[in-house]
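Next comes model_9.txt, with compact mmCIF, C-alpha atoms.
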```
# COMPACT_ATOMS: atom_id res chain seq x y z
CA MET A 402 0.31 156.21 -18.71
CA ARG A 403 3.64 156.53 -20.53
CA ILE A 404 7.00 155.83 -18.90
CA ALA A 405 7.61 159.57 -18.30
CA GLU A 406 4.38 159.86 -16.31
CA LEU A 407 5.15 156.64 -14.39
CA SER A 408 8.56 158.14 -13.57
CA ARG A 409 6.96 161.37 -12.33
CA GLN A 410 4.31 159.68 -10.17
CA ALA A 411 6.69 157.16 -8.59
CA ASP A 412 9.54 159.67 -8.34
CA VAL A 413 11.92 157.19 -9.97
CA ALA A 414 14.17 158.18 -12.93
CA VAL A 415 13.30 156.75 -16.38
CA PRO A 416 16.69 154.96 -16.81
CA THR A 417 16.14 153.29 -13.41
CA ILE A 418 12.66 152.10 -14.52
CA LYS A 419 14.21 150.73 -17.73
CA TYR A 420 16.78 148.88 -15.64
CA TYR A 421 14.03 147.27 -13.51
CA LEU A 422 12.19 146.28 -16.72
CA ARG A 423 15.37 144.66 -18.15
CA GLU A 424 16.02 142.86 -14.83
CA GLY A 425 12.46 141.52 -14.74
CA LEU A 426 11.56 143.27 -11.46
CA LEU A 427 8.80 145.23 -13.20
CA PRO A 428 6.50 143.47 -15.72
CA PRO A 429 6.57 144.99 -19.26
CA GLY A 430 3.94 147.59 -20.17
CA GLU A 431 1.37 147.11 -22.92
CA ARG A 432 3.19 147.87 -26.18
CA THR A 433 1.41 150.71 -28.09
CA ASN A 434 3.90 151.04 -30.96
CA ARG A 435 7.52 150.09 -31.74
CA ASN A 436 9.07 152.50 -29.24
CA GLN A 437 6.37 153.06 -26.65
CA ALA A 438 4.50 151.12 -24.01
CA ARG A 439 1.63 151.97 -21.68
CA TYR A 440 1.79 151.42 -17.92
CA ASP A 441 -0.99 151.34 -15.29
CA ASP A 442 -1.50 151.54 -11.52
CA THR A 443 -0.21 148.00 -10.98
CA HIS A 444 3.15 149.16 -12.40
CA LEU A 445 3.12 152.24 -10.18
CA ARG A 446 2.35 150.17 -7.08
CA ARG A 447 4.99 147.57 -7.93
CA LEU A 448 7.56 150.31 -8.61
CA ARG A 449 6.94 151.87 -5.19
CA LEU A 450 7.30 148.46 -3.57
CA ILE A 451 10.65 147.92 -5.34
CA ARG A 452 11.89 151.30 -4.09
CA ALA A 453 10.79 150.53 -0.52
CA LEU A 454 12.60 147.18 -0.59
CA ILE A 455 15.76 148.84 -1.94
CA ASP A 456 15.72 152.18 -0.07
CA VAL A 457 14.16 151.21 3.28
CA GLY A 458 14.96 147.49 3.35
CA LYS A 459 18.45 147.99 1.80
CA LEU A 460 17.93 144.74 -0.15
CA PRO A 461 20.13 143.88 -3.14
CA VAL A 462 18.34 143.68 -6.53
CA ALA A 463 18.67 139.87 -6.68
CA THR A 464 16.82 139.54 -3.35
CA VAL A 465 14.11 141.96 -4.46
CA ARG A 466 13.60 139.71 -7.49
CA GLU A 467 13.13 136.64 -5.20
CA VAL A 468 10.67 138.43 -2.94
CA LEU A 469 8.62 139.66 -5.91
CA ALA A 470 8.60 136.14 -7.39
CA ALA A 471 7.15 134.83 -4.09
CA LEU A 472 4.52 137.59 -4.25
CA ASP A 473 3.53 136.54 -7.78
CA GLU A 474 3.19 132.85 -6.83
CA PRO A 475 -0.59 132.36 -6.49
CA ASP A 476 -0.60 128.77 -5.13
CA LEU A 477 1.33 129.39 -1.92
CA PRO A 478 -0.79 128.70 1.19
CA LEU A 479 -1.18 131.81 3.30
CA HIS A 480 0.54 130.50 6.40
CA LYS A 481 3.70 129.69 4.37
CA VAL A 482 4.06 133.18 2.93
CA LEU A 483 5.85 134.63 5.93
CA GLY A 484 8.37 131.80 5.73
CA VAL A 485 9.18 132.36 2.05
CA VAL A 486 9.41 136.12 2.34
CA SER A 487 11.41 135.90 5.54
CA ALA A 488 13.83 133.40 3.96
CA SER A 489 14.38 135.62 0.90
CA LEU A 490 14.86 138.66 3.09
CA SER A 491 17.39 137.03 5.41
CA GLU A 492 19.32 134.65 3.11
CA GLN A 493 22.06 137.26 2.70
CA ARG A 494 22.89 137.19 6.41
CA ARG A 495 22.99 133.42 6.94
CA PRO A 496 26.39 132.54 8.49
CA GLU A 497 28.80 129.76 7.42
CA PRO A 498 28.20 126.54 9.42
CA ASP A 499 30.95 125.29 11.80
CA ASP A 500 31.24 123.69 15.28
CA GLU A 501 30.96 127.00 17.12
CA LEU A 502 27.81 127.91 15.21
CA ALA A 503 26.32 124.47 15.94
CA ALA A 504 26.84 125.02 19.70
CA ALA A 505 25.24 128.47 19.51
CA ARG A 506 22.36 126.94 17.55
CA HIS A 507 21.64 124.73 20.60
CA ASP A 508 21.31 127.89 22.71
CA VAL A 509 18.88 129.32 20.15
CA ASP A 510 16.80 126.13 20.12
CA ALA A 511 16.66 126.24 23.94
CA LEU A 512 15.52 129.90 23.80
CA ILE A 513 12.72 129.04 21.35
CA ALA A 514 11.66 126.06 23.50
CA ARG A 515 11.58 128.20 26.68
CA HIS A 516 9.10 130.51 25.00
CA GLY A 517 7.04 127.63 23.62
CA TRP A 518 7.32 128.90 20.04
CA LYS A 519 6.57 126.59 17.10
CA ILE A 520 9.31 127.29 14.50
CA ALA A 521 10.34 125.14 11.50
CA GLU A 522 13.88 123.74 12.07
CA ASP A 523 15.25 125.05 8.76
CA THR A 524 14.14 128.68 9.34
CA PRO A 525 17.16 130.83 8.39
CA GLU A 526 16.68 133.22 11.33
CA LEU A 527 17.59 130.43 13.75
CA ASP A 528 21.07 130.27 12.19
CA VAL A 529 21.24 134.06 11.87
CA LEU A 530 20.61 134.34 15.60
CA ALA A 531 23.22 131.63 16.32
CA GLY A 532 25.71 133.62 14.20
CA ILE A 533 25.00 136.72 16.30
CA ILE A 534 25.72 134.74 19.50
CA VAL A 535 29.08 133.65 18.02
CA SER A 536 29.88 137.26 17.04
CA ALA A 537 29.01 138.48 20.55
CA ARG A 538 31.44 135.93 22.05
CA HIS A 539 34.24 136.86 19.63
CA LEU A 540 33.74 140.51 20.50
CA GLY A 541 34.16 139.82 24.23
CA HIS A 542 30.44 140.27 25.02
CA PRO A 543 29.27 136.71 25.78
CA HIS A 544 26.42 137.99 27.97
CA ILE A 545 24.60 139.98 25.29
CA PRO A 546 22.49 136.90 24.38
CA ASP A 547 21.18 136.85 27.99
CA SER A 548 18.94 139.71 26.84
CA PHE A 549 17.28 137.60 24.16
CA ASP A 550 14.57 136.30 26.51
CA ALA A 551 13.42 139.89 27.03
CA TYR A 552 13.64 140.41 23.24
CA CYS A 553 11.38 137.37 22.71
CA ASP A 554 8.74 138.71 25.13
CA ALA A 555 8.79 142.10 23.37
CA ALA A 556 8.78 140.52 19.89
CA GLU A 557 5.79 138.37 20.77
CA SER A 558 3.60 141.39 21.55
CA ILE A 559 4.86 143.13 18.39
CA ALA A 560 4.13 140.04 16.26
CA GLU A 561 0.54 139.90 17.55
CA VAL A 562 0.02 143.47 16.32
CA ASP A 563 1.83 142.85 13.00
CA VAL A 564 -0.01 139.62 12.14
CA GLY A 565 -3.31 141.20 13.21
CA TYR A 566 -2.69 144.08 10.80
CA VAL A 567 -1.85 141.80 7.88
CA SER A 568 -4.73 139.37 8.43
CA ASP A 569 -7.25 142.25 8.31
CA LEU A 570 -6.18 143.22 4.77
CA GLY A 571 -8.76 141.04 2.97
CA SER A 572 -7.59 139.54 -0.34
CA VAL A 573 -4.70 137.07 -0.45
CA GLU A 574 -2.81 139.40 -2.80
CA LYS A 575 -3.08 142.27 -0.31
CA VAL A 576 -2.01 140.04 2.58
CA LEU A 577 1.06 138.91 0.62
CA GLU A 578 2.07 142.45 -0.18
CA GLY A 579 1.32 143.54 3.39
CA VAL A 580 3.70 140.90 4.70
CA VAL A 581 6.56 142.22 2.55
CA VAL A 582 5.85 145.87 3.29
CA GLY A 583 5.22 145.19 6.99
CA THR A 584 8.34 143.06 7.42
CA VAL A 585 10.67 145.59 5.79
CA LEU A 586 9.13 148.87 7.00
CA GLY A 587 8.37 147.43 10.45
CA GLU A 588 11.93 146.22 10.88
CA ALA A 589 13.36 149.64 10.00
CA ALA A 590 10.79 151.34 12.25
CA LEU A 591 11.53 149.05 15.19
CA ALA A 592 15.29 149.63 14.85
CA ALA A 593 14.73 153.42 14.90
CA ILE A 594 12.29 153.22 17.82
CA ARG A 595 14.68 151.01 19.83
CA ARG A 596 17.43 153.64 19.42
CA LEU A 597 15.06 156.40 20.50
CA ALA A 598 14.14 154.31 23.55
CA HIS A 599 17.89 153.93 24.30
CA GLN A 600 18.29 157.69 24.25
CA ASN A 601 15.29 158.16 26.54
CA VAL A 602 16.36 155.49 29.03
CA SER A 603 20.03 156.53 29.09
CA ALA A 604 19.19 160.24 29.44
CA ARG A 605 17.01 159.33 32.43
CA ARG A 606 19.72 157.18 34.01
CA PHE A 607 22.91 159.09 33.13
CA GLY A 608 21.86 162.60 32.04
CA GLU A 609 21.95 165.81 33.98
CA PRO A 610 18.69 166.50 35.87
CA MET B 902 52.05 139.02 16.80
CA ARG B 903 52.76 139.39 13.08
CA ILE B 904 50.07 140.20 10.53
CA ALA B 905 49.77 136.52 9.48
CA GLU B 906 48.95 135.52 13.08
CA LEU B 907 46.52 138.44 13.46
CA SER B 908 44.85 137.25 10.24
CA ARG B 909 44.57 133.69 11.57
CA GLN B 910 43.18 134.67 14.99
CA ALA B 911 40.65 137.17 13.62
CA ASP B 912 39.80 135.02 10.59
CA VAL B 913 40.29 138.02 8.29
CA ALA B 914 42.49 137.79 5.14
CA VAL B 915 45.84 139.66 5.18
CA PRO B 916 44.96 141.89 2.16
CA THR B 917 41.74 142.91 3.97
CA ILE B 918 43.72 143.82 7.12
CA LYS B 919 46.11 145.89 4.94
CA TYR B 920 43.10 147.66 3.44
CA TYR B 921 41.77 148.55 6.92
CA LEU B 922 45.25 149.83 7.88
CA ARG B 923 45.40 152.04 4.72
CA GLU B 924 41.85 153.32 5.38
CA GLY B 925 42.73 154.19 9.00
CA LEU B 926 40.15 151.82 10.51
CA LEU B 927 42.89 149.85 12.26
CA PRO B 928 45.76 151.73 13.97
CA PRO B 929 49.26 150.84 12.64
CA GLY B 930 51.26 148.12 14.41
CA GLU B 931 54.60 148.72 16.07
CA ARG B 932 57.19 148.73 13.27
CA THR B 933 59.89 146.06 13.89
CA ASN B 934 61.83 146.52 10.63
CA ARG B 935 61.32 148.02 7.15
CA ASN B 936 58.75 145.42 6.05
CA GLN B 937 57.25 144.12 9.27
CA ALA B 938 55.12 145.36 12.14
CA ARG B 939 53.94 143.78 15.38
CA TYR B 940 50.29 143.72 16.45
CA ASP B 941 48.69 143.04 19.84
CA ASP B 942 45.31 142.15 21.39
CA THR B 943 43.96 145.69 20.93
CA HIS B 944 44.37 145.20 17.17
CA LEU B 945 42.67 141.81 17.33
CA ARG B 946 39.75 143.23 19.31
CA ARG B 947 39.39 146.23 17.01
CA LEU B 948 39.56 143.99 13.94
CA ARG B 949 36.72 141.81 15.26
CA LEU B 950 34.67 144.92 15.96
CA ILE B 951 35.23 146.15 12.39
CA ARG B 952 34.07 142.78 11.02
CA ALA B 953 30.96 142.81 13.23
CA LEU B 954 30.04 146.32 12.06
CA ILE B 955 30.52 145.32 8.41
CA ASP B 956 29.18 141.72 8.45
CA VAL B 957 26.41 141.92 11.06
CA GLY B 958 25.63 145.65 10.94
CA LYS B 959 26.05 145.86 7.12
CA LEU B 960 27.66 149.29 7.60
CA PRO B 961 29.68 150.89 4.79
CA VAL B 962 33.41 151.42 5.51
CA ALA B 963 32.98 155.22 5.79
CA THR B 964 30.38 154.76 8.55
CA VAL B 965 32.58 152.25 10.36
CA ARG B 966 35.32 154.90 10.35
CA GLU B 967 32.94 157.46 11.96
CA VAL B 968 31.79 155.04 14.65
CA LEU B 969 35.38 154.09 15.51
CA ALA B 970 36.36 157.78 15.67
CA ALA B 971 33.55 158.33 18.22
CA LEU B 972 34.87 155.34 20.20
CA ASP B 973 38.36 156.85 20.26
CA GLU B 974 37.11 160.25 21.47
CA PRO B 975 37.91 160.23 25.21
CA ASP B 976 36.20 163.52 26.20
CA LEU B 977 32.65 162.61 25.21
CA PRO B 978 30.28 162.51 28.24
CA LEU B 979 28.83 159.06 28.72
CA HIS B 980 25.18 160.03 28.23
CA LYS B 981 25.99 161.52 24.78
CA VAL B 982 27.68 158.40 23.46
CA LEU B 983 24.47 156.69 22.40
CA GLY B 984 23.52 159.78 20.42
CA VAL B 985 26.81 159.97 18.49
CA VAL B 986 26.93 156.27 17.75
CA SER B 987 23.28 156.18 16.82
CA ALA B 988 23.69 159.19 14.50
CA SER B 989 26.67 157.60 12.72
CA LEU B 990 24.83 154.32 12.41
CA SER B 991 21.65 155.85 10.97
CA GLU B 992 22.92 158.80 8.88
CA GLN B 993 22.80 156.65 5.75
CA ARG B 994 19.04 156.19 6.06
CA ARG B 995 18.03 159.81 6.74
CA PRO B 996 15.43 160.82 4.12
CA GLU B 997 15.35 164.03 2.01
CA PRO B 998 13.27 166.77 3.68
CA ASP B 999 10.01 167.94 2.01
CA ASP B 1000 6.45 168.92 3.01
CA GLU B 1001 5.20 165.35 3.25
CA LEU B 1002 8.10 164.41 5.51
CA ALA B 1003 7.46 167.45 7.70
CA ALA B 1004 3.82 166.37 8.20
CA ALA B 1005 4.91 162.82 9.08
CA ARG B 1006 7.46 164.30 11.49
CA HIS B 1007 4.56 165.88 13.42
CA ASP B 1008 3.05 162.38 13.82
CA VAL B 1009 6.40 161.11 15.13
CA ASP B 1010 6.68 164.00 17.61
CA ALA B 1011 3.14 163.23 18.84
CA LEU B 1012 4.07 159.55 19.25
CA ILE B 1013 7.13 160.46 21.33
CA ALA B 1014 5.08 162.88 23.45
CA ARG B 1015 2.36 160.26 24.07
CA HIS B 1016 4.99 157.95 25.54
CA GLY B 1017 6.60 160.76 27.57
CA TRP B 1018 10.04 160.15 26.06
CA LYS B 1019 12.76 162.80 26.29
CA ILE B 1020 14.44 162.88 22.85
CA ALA B 1021 16.70 165.61 21.36
CA GLU B 1022 14.88 167.30 18.44
CA ASP B 1023 17.73 166.75 15.96
CA THR B 1024 17.98 162.99 16.58
CA PRO B 1025 18.21 161.41 13.09
CA GLU B 1026 15.88 158.49 14.00
CA LEU B 1027 12.97 160.95 14.29
CA ASP B 1028 13.33 161.77 10.59
CA VAL B 1029 14.05 158.14 9.72
CA LEU B 1030 10.76 157.17 11.34
CA ALA B 1031 8.95 160.03 9.53
CA GLY B 1032 10.40 158.71 6.24
CA ILE B 1033 9.02 155.26 7.01
CA ILE B 1034 5.55 156.75 7.60
CA VAL B 1035 5.77 158.48 4.18
CA SER B 1036 6.86 155.20 2.54
CA ALA B 1037 3.97 153.32 4.18
CA ARG B 1038 1.50 155.86 2.75
CA HIS B 1039 3.02 155.70 -0.74
CA LEU B 1040 2.80 151.91 -0.63
CA GLY B 1041 -0.92 152.03 0.18
CA HIS B 1042 -0.46 151.01 3.83
CA PRO B 1043 -1.24 154.22 5.75
CA HIS B 1044 -2.27 152.26 8.85
CA ILE B 1045 1.07 150.54 9.46
CA PRO B 1046 2.21 153.44 11.71
CA ASP B 1047 -0.79 152.74 13.99
CA SER B 1048 1.32 149.85 15.28
CA PHE B 1049 4.11 152.15 16.42
CA ASP B 1050 2.56 152.71 19.88
CA ALA B 1051 2.89 148.97 20.52
CA TYR B 1052 6.45 149.11 19.12
CA CYS B 1053 7.28 151.91 21.60
CA ASP B 1054 6.00 149.88 24.56
CA ALA B 1055 8.05 146.86 23.45
CA ALA B 1056 11.14 148.98 22.71
CA GLU B 1057 10.99 150.58 26.14
CA SER B 1058 11.29 147.23 27.92
CA ILE B 1059 14.09 146.21 25.53
CA ALA B 1060 15.95 149.48 26.11
CA GLU B 1061 15.84 148.98 29.90
CA VAL B 1062 17.60 145.62 29.44
CA ASP B 1063 20.09 147.01 26.87
CA VAL B 1064 21.07 150.08 28.88
CA GLY B 1065 21.29 147.96 32.04
CA TYR B 1066 23.73 145.61 30.29
CA VAL B 1067 25.92 148.45 29.02
CA SER B 1068 26.02 150.38 32.29
CA ASP B 1069 27.26 147.29 34.16
CA LEU B 1070 30.39 147.05 31.98
CA GLY B 1071 32.59 149.19 34.24
CA SER B 1072 35.19 151.32 32.41
CA VAL B 1073 34.11 154.11 30.05
CA GLU B 1074 36.01 152.43 27.21
CA LYS B 1075 34.09 149.18 27.73
CA VAL B 1076 30.77 151.02 27.91
CA LEU B 1077 31.51 152.83 24.63
CA GLU B 1078 32.38 149.62 22.87
CA GLY B 1079 29.40 147.85 24.44
CA VAL B 1080 27.09 150.53 23.01
CA VAL B 1081 28.39 149.93 19.48
CA VAL B 1082 28.35 146.14 19.76
CA GLY B 1083 24.98 146.11 21.54
CA THR B 1084 23.34 148.51 19.08
CA VAL B 1085 24.45 146.58 16.00
CA LEU B 1086 24.20 142.99 17.26
CA GLY B 1087 21.01 143.74 19.22
CA GLU B 1088 19.35 145.28 16.17
CA ALA B 1089 20.16 142.25 14.00
CA ALA B 1090 19.04 139.90 16.80
CA LEU B 1091 15.76 141.75 17.34
CA ALA B 1092 14.98 141.69 13.59
CA ALA B 1093 15.57 137.91 13.50
CA ILE B 1094 13.55 137.32 16.69
CA ARG B 1095 10.65 139.44 15.37
CA ARG B 1096 10.49 137.27 12.24
CA LEU B 1097 10.55 134.10 14.33
CA ALA B 1098 7.70 135.53 16.41
CA HIS B 1099 5.79 136.22 13.17
CA GLN B 1100 6.16 132.61 12.16
CA ASN B 1101 5.00 131.40 15.57
CA VAL B 1102 1.99 133.73 15.73
CA SER B 1103 0.92 133.16 12.10
CA ALA B 1104 1.31 129.37 12.38
CA ARG B 1105 -0.93 129.50 15.47
CA ARG B 1106 -3.55 131.68 13.74
CA PHE B 1107 -3.49 130.33 10.16
CA GLY B 1108 -1.69 126.97 10.21
CA GLU B 1109 -3.12 123.49 10.19
CA PRO B 1110 -3.74 122.10 13.70
```
Rewrite the structure from the file as structure tokens, please.
Amino acid sequence: MRIAELSRQADVAVPTIKYYLREGLLPPGERTNRNQARYDDTHLRRLRLIRALIDVGKLPVATVREVLAALDEPDLPLHKVLGVVSASLSEQRRPEPDDELAAARHDVDALIARHGWKIAEDTPELDVLAGIIVSARHLGHPHIPDSFDAYCDAAESIAEVDVGYVSDLGSVEKVLEGVVVGTVLGEAALAAIRRLAHQNVSARRFGEP
Amino acid sequence: MRIAELSRQADVAVPTIKYYLREGLLPPGERTNRNQARYDDTHLRRLRLIRALIDVGKLPVATVREVLAALDEPDLPLHKVLGVVSASLSEQRRPEPDDELAAARHDVDALIARHGWKIAEDTPELDVLAGIIVSARHLGHPHIPDSFDAYCDAAESIAEVDVGYVSDLGSVEKVLEGVVVGTVLGEAALAAIRRLAHQNVSARRFGEP
């Protein structure tokens, strides 16, 4: 298909597609003459993935490029994919190291140990979580992290479902893409569902009968 | 304290504080002479909250202004606070309405009904979740929303802990602020913990022994 048709099917404006081509997010089409190129379903699928990462995942373009590069890396063993994708997706939130963060990181390590989880030491989320503990203290809410044990229990049952979904997808390529889509869409969905649950629980506790 | 001391204690640069003052995010200090004003602990606390909303919650300045305005509204009944805050926090992600979204919204309403939750019909998260279902379909992953029942079960136990924390805070003002801090920090924490759980579960299923 031509770029106009790709634009129509993906619901993305032609200048935006040209920008993604220039930035290397989308591979070039097959050149048919000096001014035209032909695109196929792989372009359409990739374009929709880019939009999901940007619109739903709110990722900056540079991070989208990193995630797509990990997707296109064929030699990565399957069980390392989550790590790479997760690192690209969370790099932007990693806090600056200092003494206070180091102390909070001990609390995070203790949390992980209590739940018996096997996590690589350099996983960015460990520092992200430590940064959140520091923020909670600065904001006068030092007891918010007490809830994280309950969060771990809930996250464990969610992760069983998520990993089960991804591992049923068949080909390595599909699993890789499923990890990206599932991480980003699942995160947005869980945030929305948690807020709905807040409304339900607080209406029950505080609302009029 | 003077603005330089406020800057030091909050770890926020003076020009940034002046920007928040101009934008009305931070109330003005008590003027001591033509070029100086005095600030107190309420300014420090508010400034830290603004930074948490921007750095941890990744909220745009306009949304931070809305959330703070809800915080400063004294006549709001307690059980409506979560709704207002939640709406301000999620307005940015609300998708454009169309037929496909309307169909997905039916699936969301059925999900909510299955779990027996009481949710106001115009809650933005219902449409946000419908938008995620549409995105999942477009991306070739129509079965991702099958996981949302498990997400609801997990979110319900999380919400019990979250609402319990907030309702123990005492004064209405503290509850209001706790809702904002808990929504934003808790969401970031849950996203990080879910990714850690993914690593743990996938290492167990796919990793070397």
Quick one: residues within 7 Å of A:Ile404, all atoms listed in the file counted, chain neighbours fewer than 4 positions away excluded, as a JSON list (two decimals) with C-alpha atoms, in the coordinates of the input?
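Printed below is selection10.json as written:
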```
[["chain", "number", "residue", "atom", "x", "y", "z"],
["A", 408, "SER", "CA", 8.56, 158.14, -13.57],
["A", 415, "VAL", "CA", 13.30, 156.75, -16.38],
["A", 440, "TYR", "CA", 1.79, 151.42, -17.92]]
```
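Residues in contact range of A:Arg403, defined as at most 9 Å between only C-alpha atoms, with sequence neighbours fewer than 5 positions away removed, read Ser408, Gly430, Gln437, Ala438, Arg439, Tyr440 and Asp441 of chain A.
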Counting all atoms listed in the file, chain B residues within 6 Å of chain A, as number ranges by chain: B: 980, 1018-1019, 1026, 1030, 1055-1057, 1060, 1090, 1093, 1095, 1098-1099, 1101, 1107-1108
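When atom CA of B:Asp1069 is paired with atom CA of A:Val509, their separation reads 24.3 Å.
The closest residue to A:Asp499, picked from A:Asn436, A:Ala514, A:Val535, A:Ala471 and counting all atoms listed in the file, is A:Val535.
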Separation of atom CA of A:Pro543 from atom CA of B:Glu967 in Å: 25.2 Å
Edge lengths and centre in Å, axis-aligned, stretch 579-593 of chain A plus 3 Å each side, as JSON:
```
{"center_x": 8.3, "center_y": 147.2, "center_z": 8.9, "size_x": 20.0, "size_y": 18.5, "size_z": 18.6}
```
